[in-house]
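Here's the structure, in structure tokens; my notes come after.
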Amino acid sequence: MEICRLRFPSDHEQLTTNLPMPHEIALLNNCLIVGALLFGIGMIGFASRRNMIVMFLSIEIMLQGVSLSLVAWSRFHNHFGGQMLVVFIIAVAACEAAVAMAMILALFHQNSTLDIAVWRRLREANVPPLREEPLPEPPADPPWPRLTPAGRRPEISPEETDYRPRV
Amino acid sequence: MDTKTLLILIPALPLAAAVLTAVLGKRVLRAQSHLPVVAAIALSFAASLLLVFQVQERIERQAGQAVPAASVGCEGTLATLWCWADVGTISLGDNPTATSKSLQSPAWGDLRINITLRADPLSAVMLAVVTCISTLVAVYSIGYMRGDPGYWRFFSYIGLFVFSMTMLVAASNFLVLFVFWELVGLCSYLLIGFWFEKPAAAAAGKKAFLVNRIGDFGFMLGVFLIWIVYGTLDFHDTVVDGHTAAMGVLGPSRLAHGPFVGGWPATAICLLLLLGACGKSAQFPLHVWLPDAMEGPTPVSALIHAATMVTAGVYMIARCAPLYAASADAQYVVAAIGGVTALLGAIIAITQTDLKRILAYSTISHLGYMFVALGTCTLVGATAGMFHLMTHAFFKALLFLGAGSVMHAMGGVLDIRRLGGLRHRLPVTHWTFLIGCLAMVGVAPLSGFWSKDAILLAIQQRTASDGASDLFHLLFATSMLGVLLIDFYTFRPFFMTFHGPERIPPEAGDHAHESPGTMTGPLVVLAFGSVVVGGYFEWTHGFSHFLAASPSLAYLSTPTGDAAAAAAEHWSIVAISTVIVVVGIMATAILYLGNRKNVTRLARAMDIFGLYSLSYGKFFIDPIYNALIVRPLLSLARLAAWFDRHVVDGLVDFCGAVPGRLGAVVRPVQNGMVQFYALVMVLGLLVLVVALLM
């Protein structure tokens, strides 16, 4: 896959213009490919998963892909604007992560679930809900061998019994 | 106190009391709300009496000096309060000076409205009558309205009414007159609809207001026309440094030297003003509101709808008498309308069964008499009309208050078929009511006798004077017929209510006793007035001499003729009318004190010609108006409402619906799936990228 066409300049061109060196172009290509892959993976992850935290991670991955492309172009042009932008992106992403996690926590408190599909009820009134095909039943557990109980019944600490998954 | 102070005090006191009661009545004064208003009106009455004496003094002084102005009467005292409107000189057309010269009024185009009050005999008499009746009615209301939740509201309205009415009769400018003309109409509306929870009262108030609007519209056009023709709206001359700077419409200099515009403008002005008077004074064809106005509290019926406000039209025509003198046609119309109304009211009153409505129709009839008297447009006629106005104020207020006393005792029942023999239960009411009846039909020494005969005499004199004698002969005949009818419609309810077997409706409960002193007191005073007023003024000739000194009336011609023949005619009229009265009362007594079956027989006999149903159905004027005016207007209004609802509103709704519908098309996109949103975003981005790269 080639993003920038590789072309070897003639001697004359080498002398008169300031074309980048071939290895710089190769580096740029590779970086852009990795960035695009990260972006695509994040996008697919976001579109296909229903767990809010995983979706959030996917967004972060997309962001990193974009950041990588920016750094690559920055190096290619020998210009630090791109890298400065990436530093900003990292700072903003940290804030965004804090906000997003707070929001996810709030949403979780509402329903005790991280499934984003629950929030389909926020759709416009009078719009029929999307038909959801039931997932195929997971294959039943294989018959595990049963052992005859032996020894002393383990004591379960009150910390464990009092544990509440919800606040 | 000098005249100007008195003149300002008379309207100012009731206004102050009305404002005070309106502000403090609900929370502070409560059951004492009558105090400021009654006190203020009584003081106004005292001031009015003082004013009358001062005006009288002034006339005598002028007569002694024999100044030329005496020939057109006493201009009276003017009190200018402030300038209400000053538009300055308006340039009209290319050459305003030429136009104004042609109309001989130097101030033409200079619209300047001063709030000016005048004290001449005419307004002094009206002020005295208005405040006198108002005082008595206000005292009566203390007892009648006691315990009503709107007690303070009632007295506040009464104060406002007295203020408006005194301003109306004291105003010296057509526009100011019109303003207070409207204001008394407003008070009338407020007081008719005083018990606005009652649908009939609310409807009656609305009807009175709307019918009066028709008359007021005519009045307004008349005022505009006066301004166009005469160039001023003031009654009085504007005097600067001792000489007349601008002639008023009814000022002494115009009265002395003219000119009064004749021809069609004069007739138009007079007829338009007459339309206003017809509305306010309940003359045919605008009389329909007055009987319905009886839905209001009875003191209001007595004060506003019998004694004072409805006479505003009579006062106005008397005030504008010089204008009517300029148009013979207008005089005939005034007289004819008065005659028709007098007869119509009398015929309808015969068969009604509601005591207050009978009195209302008799008021209409008596106002018709006053209009006939004014329509003769002679000095005798005008003073007779004003004289009748005054005596009528006394005995009609008395009758209404008596009816109110009956109503008070009978738990609100006024249907005379359900009452009977109340003379033992309500002795004071019975005797005072009897005096009122006798005064109204005109039994010899009581007040109605003198004023009614004065009117008959004025009509009789007019028959001799000029070409329209046919009309006045006819009016004389109908007036005589009216005298007979008065007997019948006055004594029929009297006998049915107070005589015969005792009948008390169940609504009365154990309340069927004489009214408290605050109510019977005014009755006695009014009865005394009804007996004395007419005779006193007639024997002394004080009233006609006094009134004749007011500038408007002094202008009117006094018939020149054989005094001895006139006196003989007078006595013949007195004799005829007295015979009619006595016969009428006796016939009524025989019919209603004897076997009542004769009454039914008589009614059935009259019904052969349809007379009975015509009278009982009030000549079907209300249904006719409903069919000719109300229904078409209602249909038009419904059409307009339909157009508004479906076409105009439809257009607006359509404009609102378009964005809504457009939104509905794309609304399913918002399906609540976050992944779907992300996908759409990516697709949009792709489309953008592709579009940019292409």
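Following the order of the structure tokens, first chain is A, next is B, and so on, with residues numbered from 1 inside each chain and ligands from 1 in the order they appear.
In chain A, the set of residues within 10 Å of chain B (atoms considered: only C-alpha atoms) is Met43, Ile44, Gly45, Phe46, Ala47, Ser48, Arg49, Arg50, Met55, Ile116, Ala117, Val118, Trp119, Arg120, Arg121, Leu122, Arg123, Glu124, Ala125, Asn126, Val127, Pro128, Pro129 and Leu130 of chain A.
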Extract, using only C-alpha atoms, all DNA, RNA and protein residues at most 8 Å from Ser69 (chain A), discarding same-chain residues fewer than 3 positions from it, and format them as a ChimeraX atom specification. /A:31-32,35-36,65-66,72-73
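You can rank B:Ile41, B:Val229, B:Leu628, B:Val579 by their closest distance to Pro11 (chain B) using only C-alpha atoms, and at the top of that list sits B:Ile41.
Between CA of Gly258 (chain B) and CA of Ala458 (chain B) lies a distance of 25.7 Å.
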Skipping near chain neighbours, those fewer than 5 positions away, what residues fall within 7 Å of Trp289 (chain B) using only C-alpha atoms, listed as an NGL selection string? :B and (207-208 or 211)
DSSP-assigned alpha helix (DSSP H) among region 609-639 of chain B, expressed as a PDB file with C-alpha atoms, in the first residue's frame:
```pdb
ATOM      1  CA  LEU B 611    -104.909  45.401  20.450  1.00  0.00           C
ATOM      2  CA  TYR B 612    -104.390  43.350  23.572  1.00  0.00           C
ATOM      3  CA  SER B 613    -101.735  41.061  22.121  1.00  0.00           C
ATOM      4  CA  LEU B 614    -100.074  44.046  20.475  1.00  0.00           C
ATOM      5  CA  SER B 615     -99.815  45.820  23.804  1.00  0.00           C
ATOM      6  CA  TYR B 616     -98.862  42.702  25.747  1.00  0.00           C
ATOM      7  CA  ILE B 621     -90.505  45.684  18.584  1.00  0.00           C
ATOM      8  CA  ASP B 622     -87.889  43.490  20.216  1.00  0.00           C
ATOM      9  CA  PRO B 623     -88.590  40.492  17.944  1.00  0.00           C
ATOM     10  CA  ILE B 624     -88.612  42.805  14.932  1.00  0.00           C
ATOM     11  CA  TYR B 625     -85.240  44.260  15.903  1.00  0.00           C
ATOM     12  CA  ARG B 631     -79.910  38.132  13.481  1.00  0.00           C
ATOM     13  CA  PRO B 632     -78.294  39.446  10.271  1.00  0.00           C
ATOM     14  CA  LEU B 633     -75.460  40.943  12.293  1.00  0.00           C
ATOM     15  CA  LEU B 634     -75.043  37.718  14.219  1.00  0.00           C
ATOM     16  CA  SER B 635     -74.944  35.748  10.963  1.00  0.00           C
ATOM     17  CA  LEU B 636     -72.378  38.159   9.604  1.00  0.00           C
ATOM     18  CA  ALA B 637     -70.347  37.810  12.765  1.00  0.00           C
ATOM     19  CA  ARG B 638     -70.558  34.025  12.552  1.00  0.00           C
ATOM     20  CA  LEU B 639     -69.430  34.189   8.933  1.00  0.00           C
TER      21      LEU B 639
END
```
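Minimum distance to Ala200 (chain B) across B:Ile459, B:Leu221, B:Ala293, B:Leu7 (counting only C-alpha atoms) occurs at B:Ala293.
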Any idea what's packed within 10 Å of Leu63 (chain A), counting only C-alpha atoms, ignoring anything in its chain fewer than 3 positions away? Could you give it as a PDB file with N, CA and C atoms, in the first residue's frame?
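Now in part-v6.pdb:
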```pdb
ATOM      1  N   GLY A  35      -1.550   4.374  11.581  1.00  0.00           N
ATOM      2  CA  GLY A  35      -2.590   5.296  12.088  1.00  0.00           C
ATOM      3  C   GLY A  35      -3.948   4.934  11.525  1.00  0.00           C
ATOM      4  N   LEU A  38      -5.234   1.847  13.216  1.00  0.00           N
ATOM      5  CA  LEU A  38      -5.743   2.137  14.555  1.00  0.00           C
ATOM      6  C   LEU A  38      -7.130   2.790  14.468  1.00  0.00           C
ATOM      7  N   PHE A  39      -7.234   3.748  13.558  1.00  0.00           N
ATOM      8  CA  PHE A  39      -8.506   4.462  13.402  1.00  0.00           C
ATOM      9  C   PHE A  39      -9.608   3.489  13.010  1.00  0.00           C
ATOM     10  N   GLY A  42     -10.546   1.187  15.851  1.00  0.00           N
ATOM     11  CA  GLY A  42     -11.372   1.905  16.841  1.00  0.00           C
ATOM     12  C   GLY A  42     -12.786   2.070  16.331  1.00  0.00           C
ATOM     13  N   LEU A  57     -13.107   2.999  25.017  1.00  0.00           N
ATOM     14  CA  LEU A  57     -11.720   2.625  24.682  1.00  0.00           C
ATOM     15  C   LEU A  57     -11.514   2.693  23.188  1.00  0.00           C
ATOM     16  N   SER A  58     -12.535   2.254  22.427  1.00  0.00           N
ATOM     17  CA  SER A  58     -12.418   2.290  20.972  1.00  0.00           C
ATOM     18  C   SER A  58     -12.209   3.718  20.490  1.00  0.00           C
ATOM     19  N   ILE A  59     -12.947   4.644  21.110  1.00  0.00           N
ATOM     20  CA  ILE A  59     -12.801   6.052  20.717  1.00  0.00           C
ATOM     21  C   ILE A  59     -11.368   6.501  20.975  1.00  0.00           C
ATOM     22  N   GLU A  60     -10.834   6.079  22.126  1.00  0.00           N
ATOM     23  CA  GLU A  60      -9.460   6.454  22.446  1.00  0.00           C
ATOM     24  C   GLU A  60      -8.494   5.909  21.397  1.00  0.00           C
ATOM     25  N   VAL A  66      -5.287   8.994  14.935  1.00  0.00           N
ATOM     26  CA  VAL A  66      -5.201  10.338  14.357  1.00  0.00           C
ATOM     27  C   VAL A  66      -3.925  11.010  14.842  1.00  0.00           C
ATOM     28  N   SER A  67      -3.639  10.836  16.148  1.00  0.00           N
ATOM     29  CA  SER A  67      -2.440  11.477  16.703  1.00  0.00           C
ATOM     30  C   SER A  67      -1.189  10.979  15.993  1.00  0.00           C
ATOM     31  N   LEU A  68      -1.169   9.688  15.737  1.00  0.00           N
ATOM     32  CA  LEU A  68       0.006   9.109  15.073  1.00  0.00           C
ATOM     33  C   LEU A  68       0.183   9.726  13.685  1.00  0.00           C
ATOM     34  N   VAL A  86      -0.676  17.327  18.912  1.00  0.00           N
ATOM     35  CA  VAL A  86      -0.820  16.024  19.567  1.00  0.00           C
ATOM     36  C   VAL A  86      -0.718  16.180  21.087  1.00  0.00           C
ATOM     37  N   ILE A  89      -3.893  17.254  22.146  1.00  0.00           N
ATOM     38  CA  ILE A  89      -4.884  16.179  22.074  1.00  0.00           C
ATOM     39  C   ILE A  89      -4.767  15.287  23.293  1.00  0.00           C
ATOM     40  N   ILE A  90      -3.565  15.000  23.697  1.00  0.00           N
ATOM     41  CA  ILE A  90      -3.379  14.113  24.852  1.00  0.00           C
ATOM     42  C   ILE A  90      -3.981  14.761  26.099  1.00  0.00           C
ATOM     43  N   ALA A  93      -7.679  14.717  25.809  1.00  0.00           N
ATOM     44  CA  ALA A  93      -8.180  13.353  25.928  1.00  0.00           C
ATOM     45  C   ALA A  93      -8.230  12.928  27.385  1.00  0.00           C
TER      46      ALA A  93
END
```
Using only C-alpha atoms, which residues sit within 12 Å of region 106-108 of chain A once same-chain residues fewer than 2 positions away are excluded, as an MDAnalysis selection string? chainID A and resid 51:53 99:104 110:119 165:167
If you count only C-alpha atoms, which residues fall within 12 Å of Val239 (chain B), apart from same-chain ones fewer than 6 positions away, as a CSV table (one decimal) with N, CA and C atoms, in the first residue's frame?
```
chain,number,residue,atom,x,y,z
B,75,GLU,N,-76.5,85.5,30.6
B,75,GLU,CA,-75.5,84.6,30.1
B,75,GLU,C,-75.0,83.6,31.2
B,78,LEU,N,-69.6,81.8,34.2
B,78,LEU,CA,-68.8,80.7,33.6
B,78,LEU,C,-67.6,80.4,34.5
B,245,ALA,N,-64.7,88.1,21.5
B,245,ALA,CA,-63.6,87.7,20.5
B,245,ALA,C,-64.1,86.6,19.6
B,246,ALA,N,-64.9,85.7,20.1
B,246,ALA,CA,-65.5,84.6,19.2
B,246,ALA,C,-66.9,84.3,19.7
B,247,MET,N,-67.7,84.1,18.7
B,247,MET,CA,-69.1,83.8,19.1
B,247,MET,C,-69.2,82.3,19.4
B,248,GLY,N,-69.9,82.0,20.5
B,248,GLY,CA,-70.2,80.6,20.8
B,248,GLY,C,-71.4,80.2,20.1
B,251,GLY,N,-74.1,81.5,22.3
B,251,GLY,CA,-73.8,82.6,23.1
B,251,GLY,C,-74.7,83.8,22.9
B,252,PRO,N,-74.7,84.8,23.8
B,252,PRO,CA,-75.6,85.9,23.7
B,252,PRO,C,-75.5,86.7,22.4
B,253,SER,N,-74.2,86.9,22.0
B,253,SER,CA,-74.1,87.7,20.8
B,253,SER,C,-74.7,87.0,19.5
```
For CA of Gln331 (chain B) and CA of Leu547 (chain B), quote the distance in Å rounded to one decimal.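 Answer for the CA of Gln331 (chain B) to CA of Leu547 (chain B) separation: 20.2 Å.
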